[in-house]
$ cat upload12.txt   # compact mmCIF, C-alpha atoms and all ligand atoms
# COMPACT_ATOMS: atom_id res chain seq x y z
CA MET A 1149 -4.01 23.21 26.76
CA ARG A 1150 -2.17 23.38 23.40
CA ILE A 1151 -1.41 20.01 21.80
CA LEU A 1152 1.09 19.29 19.02
CA SER A 1153 0.16 15.99 17.36
CA ILE A 1154 1.97 13.77 14.88
CA GLU A 1155 0.53 10.99 12.68
CA THR A 1156 2.72 8.87 10.36
CA SER A 1157 1.18 5.39 10.59
CA CYS A 1158 0.74 4.84 6.86
CA ASP A 1159 1.18 7.18 3.89
CA GLU A 1160 0.27 10.62 5.24
CA THR A 1161 2.74 12.79 7.14
CA ALA A 1162 0.36 14.79 9.31
CA ILE A 1163 0.92 17.35 12.06
CA SER A 1164 -1.71 19.47 13.83
CA VAL A 1165 -1.82 22.05 16.57
CA VAL A 1166 -5.05 21.82 18.56
CA ASP A 1167 -6.24 23.72 21.62
CA ALA A 1168 -8.40 21.97 24.21
CA LEU A 1169 -10.36 24.83 25.78
CA ARG A 1170 -12.97 24.12 28.44
CA GLY A 1171 -14.14 20.89 26.83
CA LYS A 1172 -13.99 22.25 23.27
CA PHE A 1173 -11.39 21.71 20.59
CA VAL A 1174 -10.04 24.50 18.40
CA VAL A 1175 -7.91 23.40 15.46
CA ARG A 1176 -5.08 25.94 15.00
CA SER A 1177 -3.37 24.06 12.18
CA HIS A 1178 -4.05 20.83 10.32
CA ILE A 1179 -1.25 19.98 7.90
CA ILE A 1180 -1.16 16.81 5.79
CA SER A 1181 1.65 16.00 3.41
CA SER A 1182 0.08 13.26 1.32
CA GLN A 1183 2.17 10.60 -0.39
CA ILE A 1184 -0.66 9.34 -2.61
CA PRO A 1185 1.04 10.52 -5.86
CA LYS A 1186 4.17 8.53 -4.89
CA HIS A 1187 2.21 5.29 -4.41
CA VAL A 1188 -0.21 5.56 -7.36
CA LYS A 1189 2.17 3.86 -9.80
CA TYR A 1190 2.46 0.82 -7.48
CA GLY A 1191 -1.33 0.60 -6.96
CA GLY A 1192 -0.90 0.64 -3.16
CA VAL A 1193 1.34 1.76 -0.32
CA VAL A 1194 4.95 0.53 -0.47
CA PRO A 1195 6.27 0.59 3.14
CA GLU A 1196 9.89 1.46 2.26
CA VAL A 1197 8.77 4.33 0.02
CA ALA A 1198 6.37 5.55 2.74
CA ALA A 1199 9.09 5.63 5.41
CA ARG A 1200 11.51 7.53 3.15
CA GLU A 1201 8.83 10.09 2.32
CA HIS A 1202 8.02 10.59 6.02
CA VAL A 1203 11.70 11.21 6.75
CA LYS A 1204 11.82 13.81 3.98
CA ASN A 1205 8.55 15.53 4.86
CA ILE A 1206 8.25 15.50 8.62
CA ILE A 1207 10.32 18.54 9.52
CA PRO A 1208 8.80 20.78 6.77
CA THR A 1209 5.34 19.60 7.92
CA LEU A 1210 6.25 20.50 11.51
CA TYR A 1211 7.51 23.89 10.35
CA TYR A 1212 4.20 24.67 8.56
CA ALA A 1213 2.05 23.39 11.43
CA LEU A 1214 3.86 25.66 13.90
CA LYS A 1215 3.93 28.60 11.50
CA LYS A 1216 0.25 28.37 10.54
CA SER A 1217 -0.82 28.18 14.18
CA LYS A 1218 1.67 30.90 15.18
CA THR A 1219 2.92 28.57 17.89
CA LYS A 1220 6.23 28.88 19.71
CA PRO A 1221 7.60 25.76 21.43
CA LYS A 1222 7.05 27.29 24.85
CA GLN A 1223 3.28 27.48 24.17
CA ILE A 1224 2.96 23.70 23.68
CA ASP A 1225 1.61 21.78 26.67
CA LEU A 1226 1.47 18.24 25.28
CA ILE A 1227 2.88 16.23 22.38
CA ALA A 1228 0.72 13.38 21.07
CA VAL A 1229 1.96 10.81 18.55
CA THR A 1230 0.53 7.70 16.89
CA ARG A 1231 2.18 4.52 18.24
CA GLY A 1232 0.17 1.98 16.22
CA PRO A 1233 -1.35 0.13 14.52
CA GLY A 1234 0.42 0.88 11.27
CA LEU A 1235 3.61 0.34 9.30
CA MET A 1236 6.59 -0.11 11.62
CA THR A 1237 9.06 2.09 9.77
CA SER A 1238 6.47 4.81 9.11
CA LEU A 1239 5.42 4.92 12.77
CA ALA A 1240 9.07 5.09 13.85
CA VAL A 1241 9.62 8.37 11.97
CA GLY A 1242 6.75 10.11 13.79
CA ILE A 1243 7.67 8.62 17.15
CA GLN A 1244 11.34 9.54 16.97
CA THR A 1245 10.41 13.09 15.97
CA ALA A 1246 7.95 13.34 18.89
CA VAL A 1247 10.48 11.86 21.33
CA GLY A 1248 13.14 14.31 20.14
CA LEU A 1249 10.78 17.27 20.60
CA ALA A 1250 9.56 16.07 24.01
CA PHE A 1251 13.15 15.64 25.16
CA GLY A 1252 14.45 18.90 23.69
CA TRP A 1253 11.48 21.05 24.73
CA LYS A 1254 10.85 19.20 28.01
CA LYS A 1255 7.18 18.49 27.23
CA PRO A 1256 4.91 15.62 28.29
CA LEU A 1257 4.45 13.01 25.57
CA VAL A 1258 1.56 10.62 25.00
CA GLY A 1259 1.40 7.68 22.58
CA VAL A 1260 -1.96 7.27 20.86
CA ASN A 1261 -3.73 4.34 19.23
CA HIS A 1262 -4.50 5.21 15.59
CA MET A 1263 -7.99 3.62 15.74
CA GLU A 1264 -8.79 5.55 18.91
CA GLY A 1265 -7.78 8.58 16.85
CA HIS A 1266 -10.34 7.68 14.16
CA ILE A 1267 -13.01 7.29 16.87
CA TYR A 1268 -12.15 10.66 18.43
CA SER A 1269 -12.31 12.43 15.07
CA ASN A 1270 -15.99 12.76 15.99
CA TRP A 1271 -15.19 14.77 19.12
CA VAL A 1272 -13.73 17.72 17.23
CA GLU A 1273 -17.19 19.01 16.33
CA HIS A 1274 -19.17 17.17 19.04
CA PRO A 1275 -17.11 17.41 22.22
CA THR A 1276 -19.99 16.46 24.51
CA THR A 1277 -21.19 13.02 23.73
CA LYS A 1278 -23.68 10.77 25.41
CA PHE A 1279 -22.66 7.21 26.22
CA PRO A 1280 -23.16 4.43 25.34
CA ALA A 1281 -21.90 5.32 21.88
CA LEU A 1282 -21.62 2.97 18.92
CA HIS A 1283 -18.77 3.46 16.46
CA LEU A 1284 -18.65 2.01 12.98
CA VAL A 1285 -14.94 2.27 12.19
CA VAL A 1286 -14.31 1.60 8.51
CA SER A 1287 -10.85 2.20 7.11
CA GLY A 1288 -8.10 0.72 4.97
CA GLY A 1289 -7.15 -1.89 7.57
CA HIS A 1290 -10.20 -2.13 9.86
CA THR A 1291 -13.96 -2.69 9.82
CA GLU A 1292 -15.31 -2.80 13.36
CA LEU A 1293 -18.36 -2.06 15.43
CA VAL A 1294 -17.12 -0.74 18.77
CA LEU A 1295 -19.34 0.00 21.76
CA MET A 1296 -17.95 2.81 23.92
CA THR A 1297 -19.36 3.14 27.42
CA GLY A 1298 -17.06 5.98 28.57
CA HIS A 1299 -13.73 7.57 27.66
CA GLY A 1300 -11.24 4.75 27.12
CA LYS A 1301 -13.87 2.05 27.69
CA TYR A 1302 -14.36 -0.01 24.57
CA ARG A 1303 -16.04 -3.28 23.73
CA LEU A 1304 -15.58 -4.87 20.33
CA LEU A 1305 -18.96 -6.08 19.06
CA GLY A 1306 -17.61 -7.45 15.79
CA LYS A 1307 -14.97 -6.98 13.13
CA THR A 1308 -14.18 -8.25 9.68
CA ARG A 1309 -13.09 -11.86 9.34
CA ASP A 1310 -11.00 -11.06 6.27
CA ASP A 1311 -10.72 -7.87 4.16
CA ALA A 1312 -11.53 -4.46 5.63
CA ALA A 1313 -14.13 -2.40 3.76
CA GLY A 1314 -11.48 0.07 2.53
CA GLU A 1315 -9.25 -2.81 1.42
CA ALA A 1316 -12.19 -4.24 -0.58
CA PHE A 1317 -12.71 -0.83 -2.25
CA ASP A 1318 -8.98 -0.70 -3.09
CA LYS A 1319 -8.89 -4.27 -4.47
CA VAL A 1320 -12.10 -3.90 -6.52
CA ALA A 1321 -10.72 -0.65 -7.97
CA LYS A 1322 -7.67 -2.62 -9.18
CA ILE A 1323 -9.94 -5.25 -10.77
CA LEU A 1324 -11.78 -2.43 -12.57
CA ASN A 1325 -8.53 -0.67 -13.59
CA LEU A 1326 -9.41 2.36 -11.50
CA PRO A 1327 -6.58 4.34 -9.81
CA TYR A 1328 -5.40 4.08 -6.19
CA PRO A 1329 -6.82 4.91 -3.66
CA GLY A 1330 -9.77 2.77 -4.66
CA GLY A 1331 -12.49 4.25 -2.43
CA PRO A 1332 -12.72 7.69 -4.07
CA SER A 1333 -12.21 6.13 -7.55
CA ILE A 1334 -15.07 3.66 -7.07
CA GLN A 1335 -17.32 6.39 -5.67
CA ARG A 1336 -16.59 8.62 -8.67
CA ALA A 1337 -17.15 5.81 -11.22
CA ALA A 1338 -20.34 4.73 -9.37
CA GLU A 1339 -21.92 8.16 -9.80
CA LYS A 1340 -22.66 7.28 -13.44
CA GLY A 1341 -23.73 3.70 -12.70
CA ASN A 1342 -26.83 1.82 -11.62
CA PRO A 1343 -26.48 0.32 -8.11
CA GLN A 1344 -29.05 -2.35 -9.01
CA ALA A 1345 -27.33 -3.43 -12.25
CA VAL A 1346 -25.48 -6.42 -10.74
CA ASP A 1347 -26.86 -8.39 -7.81
CA PHE A 1348 -23.66 -8.90 -5.81
CA PRO A 1349 -23.90 -10.80 -2.49
CA ARG A 1350 -24.34 -8.97 0.83
CA PRO A 1351 -21.97 -11.11 2.94
CA MET A 1352 -23.11 -11.86 6.52
CA MET A 1353 -25.77 -9.16 6.34
CA ASN A 1354 -28.40 -11.36 7.96
CA ALA A 1355 -26.03 -13.50 10.04
CA GLN A 1356 -26.30 -13.27 13.81
CA GLY A 1357 -23.69 -11.17 15.57
CA PHE A 1358 -21.72 -8.25 14.23
CA GLU A 1359 -18.92 -9.77 12.22
CA PHE A 1360 -18.23 -8.71 8.64
CA SER A 1361 -16.63 -10.35 5.61
CA PHE A 1362 -15.76 -8.61 2.35
CA ALA A 1363 -13.33 -11.05 0.66
CA GLY A 1364 -16.14 -13.05 -0.98
CA LEU A 1365 -17.78 -9.92 -2.34
CA LYS A 1366 -14.49 -8.85 -3.89
CA THR A 1367 -14.10 -12.32 -5.46
CA SER A 1368 -17.65 -12.09 -6.87
CA VAL A 1369 -16.66 -8.86 -8.61
CA LEU A 1370 -13.51 -10.55 -9.95
CA TYR A 1371 -15.47 -13.53 -11.36
CA HIS A 1372 -18.08 -11.20 -12.84
CA VAL A 1373 -15.38 -9.18 -14.65
CA GLN A 1374 -13.45 -12.30 -15.76
CA LYS A 1375 -16.59 -13.57 -17.54
CA MET A 1376 -16.80 -10.39 -19.63
CA LYS A 1377 -14.88 -10.05 -22.92
CA ARG A 1378 -14.28 -6.37 -22.33
CA VAL A 1379 -15.64 -3.88 -19.81
CA THR A 1380 -17.17 -0.75 -21.30
CA PRO A 1381 -17.13 2.51 -19.27
CA ARG A 1382 -20.88 2.08 -18.76
CA GLN A 1383 -20.46 -1.47 -17.42
CA ARG A 1384 -17.57 -0.36 -15.22
CA ALA A 1385 -19.79 2.31 -13.68
CA ASP A 1386 -22.57 -0.24 -13.09
CA ILE A 1387 -20.19 -2.73 -11.43
CA ALA A 1388 -18.67 0.02 -9.23
CA ALA A 1389 -22.12 1.25 -8.19
CA SER A 1390 -23.43 -2.27 -7.50
CA PHE A 1391 -20.34 -3.22 -5.46
CA GLN A 1392 -20.49 0.02 -3.49
CA GLN A 1393 -24.20 -0.53 -2.75
CA ALA A 1394 -23.53 -4.07 -1.49
CA VAL A 1395 -20.90 -2.75 0.97
CA VAL A 1396 -23.15 0.11 2.11
CA ASP A 1397 -26.15 -2.22 2.62
CA VAL A 1398 -24.14 -4.52 4.90
CA LEU A 1399 -22.58 -1.68 6.92
CA VAL A 1400 -25.90 0.12 7.38
CA ALA A 1401 -27.89 -3.02 8.32
CA LYS A 1402 -25.37 -4.18 10.93
CA THR A 1403 -24.86 -0.74 12.45
CA VAL A 1404 -28.59 -0.12 12.84
CA ARG A 1405 -29.05 -3.58 14.38
CA ALA A 1406 -26.21 -3.05 16.88
CA ALA A 1407 -27.42 0.45 17.78
CA THR A 1408 -30.93 -0.87 18.44
CA GLN A 1409 -29.78 -3.93 20.40
CA TYR A 1410 -27.47 -1.94 22.69
CA ARG A 1411 -29.85 1.04 22.97
CA VAL A 1412 -27.06 3.50 22.32
CA LYS A 1413 -27.43 7.24 22.70
CA SER A 1414 -24.90 8.15 20.01
CA VAL A 1415 -23.86 6.59 16.72
CA PHE A 1416 -20.60 7.62 15.06
CA LEU A 1417 -19.01 6.79 11.75
CA ALA A 1418 -15.22 7.02 11.45
CA GLY A 1419 -12.24 6.03 9.27
CA GLY A 1420 -11.36 6.62 5.62
CA VAL A 1421 -14.46 4.84 4.25
CA ALA A 1422 -16.59 7.30 6.27
CA ALA A 1423 -15.76 9.72 3.43
CA ASN A 1424 -18.01 7.62 1.17
CA LYS A 1425 -21.03 9.73 0.25
CA PRO A 1426 -23.66 6.99 -0.20
CA LEU A 1427 -22.58 5.43 3.11
CA ARG A 1428 -22.86 8.77 4.92
CA GLU A 1429 -26.27 9.51 3.42
CA GLN A 1430 -27.83 6.06 3.76
CA LEU A 1431 -26.58 5.47 7.31
CA ALA A 1432 -27.82 8.92 8.39
CA LYS A 1433 -31.24 8.16 6.91
CA ALA A 1434 -31.47 4.70 8.53
CA ILE A 1435 -30.42 5.95 11.98
CA LYS A 1436 -32.86 8.84 11.78
CA LYS A 1437 -35.65 6.40 10.97
CA GLU A 1438 -34.80 3.64 13.47
CA LEU A 1439 -33.25 5.64 16.34
CA PRO A 1440 -34.65 9.17 15.97
CA ARG A 1441 -33.44 10.23 19.42
CA ALA A 1442 -29.83 9.14 18.99
CA LEU A 1443 -27.09 11.63 18.18
CA PHE A 1444 -25.64 10.65 14.79
CA THR A 1445 -22.46 12.29 13.58
CA ILE A 1446 -19.88 11.83 10.88
CA PRO A 1447 -16.56 13.69 10.89
CA PRO A 1448 -15.99 16.29 8.16
CA PHE A 1449 -14.26 14.80 5.11
CA LYS A 1450 -10.82 16.10 6.09
CA LEU A 1451 -11.01 14.20 9.40
CA CYS A 1452 -12.10 10.84 7.90
CA THR A 1453 -8.81 9.73 6.34
CA ASP A 1454 -5.57 9.83 8.32
CA ASN A 1455 -4.78 13.16 9.98
CA ALA A 1456 -3.15 14.44 13.16
CA THR A 1457 -6.09 16.44 14.54
CA MET A 1458 -7.81 13.20 15.57
CA ILE A 1459 -4.57 12.12 17.28
CA ALA A 1460 -4.50 15.38 19.28
CA VAL A 1461 -8.05 14.83 20.55
CA ALA A 1462 -7.52 11.14 21.39
CA GLY A 1463 -4.19 12.12 22.99
CA TYR A 1464 -5.90 14.75 25.15
CA PHE A 1465 -8.35 12.22 26.60
CA ARG A 1466 -5.65 9.54 27.01
CA TYR A 1467 -3.39 12.03 28.83
CA ARG A 1468 -6.25 13.02 31.12
CA ARG A 1469 -6.87 9.35 31.98
CA ASN A 1470 -3.34 7.98 32.24
CA GLY A 1471 -0.92 10.92 32.31
CA ALA A 1472 2.19 11.09 30.16
CA ASP A 1473 4.22 8.23 28.70
CA ASN A 1474 7.93 7.87 29.31
CA TRP A 1475 9.78 9.27 26.26
CA GLN A 1476 12.74 7.01 27.03
CA THR A 1477 10.71 3.85 26.47
CA LEU A 1478 7.95 4.92 24.07
CA ASP A 1479 8.17 2.95 20.85
CA ALA A 1480 6.06 1.86 17.88
CA ASP A 1481 3.50 -0.90 18.31
CA PRO A 1482 2.52 -1.83 14.73
CA ASN A 1483 -0.09 -4.41 15.84
CA TRP A 1484 -1.67 -2.46 18.72
CA GLU A 1485 -5.38 -3.30 18.57
CA LEU A 1486 -7.63 -1.00 20.59
CA VAL A 1487 -9.92 -3.85 21.71
N1 LIG B 1 -14.94 8.13 -0.67
C1 LIG B 1 -14.51 6.96 -0.26
N2 LIG B 1 -15.30 5.84 -0.40
C2 LIG B 1 -14.88 4.63 0.02
N3 LIG B 1 -13.67 4.41 0.57
C3 LIG B 1 -12.85 5.47 0.74
C4 LIG B 1 -13.22 6.79 0.34
N4 LIG B 1 -12.19 7.63 0.64
C5 LIG B 1 -11.22 6.86 1.18
N5 LIG B 1 -11.61 5.56 1.24
C6 LIG B 1 -10.82 4.40 1.68
O1 LIG B 1 -10.35 4.65 2.98
C7 LIG B 1 -9.13 3.94 3.16
C8 LIG B 1 -8.12 4.85 3.79
O2 LIG B 1 -8.60 5.15 5.07
P1 LIG B 1 -7.62 5.35 6.27
O3 LIG B 1 -6.62 6.38 5.87
O4 LIG B 1 -8.38 5.57 7.48
O5 LIG B 1 -6.99 3.88 6.29
P2 LIG B 1 -5.62 3.42 6.88
O6 LIG B 1 -5.13 4.42 7.84
O7 LIG B 1 -4.76 3.01 5.74
O8 LIG B 1 -6.07 2.11 7.66
P3 LIG B 1 -6.29 1.98 9.25
O9 LIG B 1 -6.88 3.26 9.72
O10 LIG B 1 -7.20 0.81 9.37
O11 LIG B 1 -4.92 1.72 9.81
C9 LIG B 1 -8.69 3.41 1.81
O12 LIG B 1 -8.94 2.04 1.74
C10 LIG B 1 -9.57 4.20 0.84
O13 LIG B 1 -9.86 3.52 -0.35
MG MG B 2 -6.37 5.26 9.29
$ encode --input "upload12.txt" --output "structure tokens" --more "lines below"
Ligand SMILES: Nc1ncnc2c1ncn2[C@@H]1O[C@H](COP(=O)(O)OP(=O)(O)OP(=O)(O)O)[C@@H](O)[C@H]1O
Ligand SMILES: [Mg+2]
Amino acid sequence: MRILSIETSCDETAISVVDALRGKFVVRSHIISSQIPKHVKYGGVVPEVAAREHVKNIIPTLYYALKKSKTKPKQIDLIAVTRGPGLMTSLAVGIQTAVGLAFGWKKPLVGVNHMEGHIYSNWVEHPTTKFPALHLVVSGGHTELVLMTGHGKYRLLGKTRDDAAGEAFDKVAKILNLPYPGGPSIQRAAEKGNPQAVDFPRPMMNAQGFEFSFAGLKTSVLYHVQKMKRVTPRQRADIAASFQQAVVDVLVAKTVRAATQYRVKSVFLAGGVAANKPLREQLAKAIKKELPRALFTIPPFKLCTDNATMIAVAGYFRYRRNGADNWQTLDADPNWELV
């Protein structure tokens, strides 16, 4: 089955062509037209700018995705598109394009949850997975521990009460005058810093349950910086490294505890913050030590932040479970929570 997938929930216009072949996924094209340079000067994503950029970029992105994969419309078996969560006007561009193609080419269409896409980014390289699986989904808008007992069967163990981990990275980067997006900037600055230099709090790390909270940590960084007359590059690196370590400590501790309590067979990391190197390394080490028999995987870097390949894979499983959606009624659902 050949799947054309479209993702426009935030600031990336992404289109992929993916083959599902006997339980394996082969990525034929993976095109991302990133808007990051357009949003840098505002220090974050401006919804109106994002929607205009999607309108401008979506057809050229489609052209390259088809060209790179040498795909003719008649070879496509399914169109998958992100329905939500995300920015309403950005989602609408992808959905209307997908609806137009499904109508014109007479193809089945399936609407996909963006967070389910992040979860399924792990299936591209590991198509056979043992359940129950635990997912730590850490992105710009979400921080969740999700227990998955089968395809489409999710249970939310806990989520953030306030800021998402990625949001905290972005906000702390602003405090430190580091460029957007904050995650990669903090990681880069932290490479020259000492993660033990400042003893920032580890919010809710030892609290019962699996909820998170990162707003207080961000405020601690703000107060710490406000007390300083000026921040030298050395101090900036130390603050970035210490903040990053506090986030990683909390995420690792809670994930290991949840994996042990629910005796999972697989542990997956997903979402934009999964690109964070210390998080990848320290979580891998902790899982290996505490749950040596569990499968632990992290998507390759290019599948951590928003992309359409993950939407193709999630779309494939959703289509197999529920069949196609009706193109006449499919619309954006900006607040669609998976669980
Ligand atoms: N190396 C990194 N370290 C830490 N954070 C990172 C890194 N790379 C990206 N991020 C963060 O990941 C986030 C972007 O991830 P993603 O694209 O999945 O989020 P989103 O799509 O905006 O949100 P959501 O998926 O919740 O709707 C940003 O907050 C960014 O700072
Ligand atoms: Mg995302």
$ closest_residue --input "upload12.txt" --among "A:Ala1407, A:Ala1394, A:Leu1239, A:Met1458" --to "Leu1152 of chain A" --atoms "only C-alpha atoms"
A:Met1458
$ closest_atom_pairs --input "upload12.txt" --of "chain A" --to "ligand LIG 1 (chain B)" --cutoff "6 Å" --atoms "only C-alpha atoms and all ligand atoms" --output "JSON lines"
{"residue": "A:Cys1158", "atom": "CA", "partner": "B:LIG1", "partner_atom": "O7", "distance": 5.9}
{"residue": "A:Gly1234", "atom": "CA", "partner": "B:LIG1", "partner_atom": "O11", "distance": 5.6}
{"residue": "A:Ser1287", "atom": "CA", "partner": "B:LIG1", "partner_atom": "O4", "distance": 4.2}
{"residue": "A:Gly1288", "atom": "CA", "partner": "B:LIG1", "partner_atom": "O12", "distance": 3.6}
{"residue": "A:Gly1289", "atom": "CA", "partner": "B:LIG1", "partner_atom": "O10", "distance": 3.2}
{"residue": "A:His1290", "atom": "CA", "partner": "B:LIG1", "partner_atom": "O10", "distance": 4.2}
{"residue": "A:Gly1314", "atom": "CA", "partner": "B:LIG1", "partner_atom": "O12", "distance": 3.3}
{"residue": "A:Glu1315", "atom": "CA", "partner": "B:LIG1", "partner_atom": "O12", "distance": 4.9}
{"residue": "A:Phe1317", "atom": "CA", "partner": "B:LIG1", "partner_atom": "O13", "distance": 5.5}
{"residue": "A:Asp1318", "atom": "CA", "partner": "B:LIG1", "partner_atom": "O13", "distance": 5.1}
{"residue": "A:Pro1329", "atom": "CA", "partner": "B:LIG1", "partner_atom": "O13", "distance": 4.7}
{"residue": "A:Gly1330", "atom": "CA", "partner": "B:LIG1", "partner_atom": "O13", "distance": 4.4}
{"residue": "A:Gly1331", "atom": "CA", "partner": "B:LIG1", "partner_atom": "N3", "distance": 3.2}
{"residue": "A:Pro1332", "atom": "CA", "partner": "B:LIG1", "partner_atom": "N1", "distance": 4.1}
{"residue": "A:Gln1335", "atom": "CA", "partner": "B:LIG1", "partner_atom": "N2", "distance": 5.7}
{"residue": "A:Gly1419", "atom": "CA", "partner": "B:LIG1", "partner_atom": "O4", "distance": 4.3}
{"residue": "A:Gly1420", "atom": "CA", "partner": "B:LIG1", "partner_atom": "O2", "distance": 3.2}
{"residue": "A:Val1421", "atom": "CA", "partner": "B:LIG1", "partner_atom": "N3", "distance": 3.8}
{"residue": "A:Ala1423", "atom": "CA", "partner": "B:LIG1", "partner_atom": "N1", "distance": 4.5}
{"residue": "A:Asn1424", "atom": "CA", "partner": "B:LIG1", "partner_atom": "N2", "distance": 3.6}
{"residue": "A:Thr1453", "atom": "CA", "partner": "B:LIG1", "partner_atom": "O3", "distance": 4.0}
{"residue": "A:Asp1454", "atom": "CA", "partner": "B:LIG1", "partner_atom": "O3", "distance": 4.4}
$ closest_residue --input "upload12.txt" --among "A:Ser1217, A:Ala1355, A:Thr1276, A:Asn1483" --to "Arg1170 of chain A" --atoms "all atoms listed in the file"
A:Thr1276
$ closest_residue --input "upload12.txt" --among "A:Asn1270, A:Gln1356, A:Gln1392, A:Ser1181" --to "Ala1313 of chain A" --atoms "all atoms listed in the file"
A:Gln1392
$ closest_residue --input "upload12.txt" --among "A:Gln1383, A:Asn1354, A:Ser1414, A:Asn1474" --to "Lys1254 of chain A" --atoms "all atoms listed in the file"
A:Asn1474
$ closest_atom_pairs --input "upload12.txt" --of "segment 1179-1288 of chain A" --to "segment 1293-1299 of chain A" --cutoff "10 Å" --atoms "all atoms listed in the file" --output "CSV"
residue,atom,partner,partner_atom,distance
A:Ile1267,CA,A:Val1294,CA,9.2
A:Tyr1268,CA,A:His1299,CA,9.9
A:Thr1277,CA,A:Gly1298,CA,9.5
A:Lys1278,CA,A:Gly1298,CA,8.8
A:Phe1279,CA,A:Thr1297,CA,5.4
A:Pro1280,CA,A:Thr1297,CA,4.5
A:Ala1281,CA,A:Met1296,CA,5.1
A:Leu1282,CA,A:Leu1295,CA,4.7
A:His1283,CA,A:Val1294,CA,5.1
A:Leu1284,CA,A:Leu1293,CA,4.8
A:Val1285,CA,A:Leu1293,CA,6.4
A:Val1286,CA,A:Leu1293,CA,8.8
$ closest_residue --input "upload12.txt" --among "A:Ala1213, A:Ile1227, A:Val1412, A:Ala1422" --to "Ser1153 of chain A" --atoms "only C-alpha atoms"
A:Ile1227
$ build_atoms --input "upload12.txt" --residues "segment 1236-1249 of chain A" --atoms "N, CA and C atoms" --output "JSON list (two decimals), keeping the file's coordinate frame"
[["chain", "number", "residue", "atom", "x", "y", "z"],
["A", 1236, "MET", "N", 5.53, -0.29, 10.62],
["A", 1236, "MET", "CA", 6.59, -0.11, 11.62],
["A", 1236, "MET", "C", 7.52, 1.07, 11.30],
["A", 1237, "THR", "N", 8.05, 1.07, 10.08],
["A", 1237, "THR", "CA", 9.06, 2.09, 9.77],
["A", 1237, "THR", "C", 8.44, 3.48, 9.61],
["A", 1238, "SER", "N", 7.16, 3.52, 9.20],
["A", 1238, "SER", "CA", 6.47, 4.81, 9.11],
["A", 1238, "SER", "C", 6.20, 5.36, 10.51],
["A", 1239, "LEU", "N", 5.69, 4.50, 11.38],
["A", 1239, "LEU", "CA", 5.42, 4.92, 12.77],
["A", 1239, "LEU", "C", 6.69, 5.44, 13.43],
["A", 1240, "ALA", "N", 7.81, 4.74, 13.18],
["A", 1240, "ALA", "CA", 9.07, 5.09, 13.85],
["A", 1240, "ALA", "C", 9.49, 6.53, 13.55],
["A", 1241, "VAL", "N", 9.22, 7.00, 12.33],
["A", 1241, "VAL", "CA", 9.62, 8.37, 11.97],
["A", 1241, "VAL", "C", 8.86, 9.38, 12.85],
["A", 1242, "GLY", "N", 7.55, 9.20, 12.97],
["A", 1242, "GLY", "CA", 6.75, 10.11, 13.79],
["A", 1242, "GLY", "C", 7.14, 10.02, 15.26],
["A", 1243, "ILE", "N", 7.35, 8.81, 15.72],
["A", 1243, "ILE", "CA", 7.67, 8.62, 17.15],
["A", 1243, "ILE", "C", 9.02, 9.24, 17.50],
["A", 1244, "GLN", "N", 10.02, 8.99, 16.66],
["A", 1244, "GLN", "CA", 11.34, 9.54, 16.97],
["A", 1244, "GLN", "C", 11.33, 11.08, 16.92],
["A", 1245, "THR", "N", 10.53, 11.63, 16.02],
["A", 1245, "THR", "CA", 10.41, 13.09, 15.97],
["A", 1245, "THR", "C", 9.75, 13.59, 17.26],
["A", 1246, "ALA", "N", 8.67, 12.93, 17.67],
["A", 1246, "ALA", "CA", 7.95, 13.34, 18.89],
["A", 1246, "ALA", "C", 8.85, 13.19, 20.12],
["A", 1247, "VAL", "N", 9.58, 12.10, 20.18],
["A", 1247, "VAL", "CA", 10.48, 11.86, 21.33],
["A", 1247, "VAL", "C", 11.56, 12.95, 21.37],
["A", 1248, "GLY", "N", 12.11, 13.27, 20.20],
["A", 1248, "GLY", "CA", 13.14, 14.31, 20.14],
["A", 1248, "GLY", "C", 12.61, 15.65, 20.62],
["A", 1249, "LEU", "N", 11.38, 15.98, 20.20],
["A", 1249, "LEU", "CA", 10.78, 17.27, 20.60],
["A", 1249, "LEU", "C", 10.46, 17.27, 22.10]]
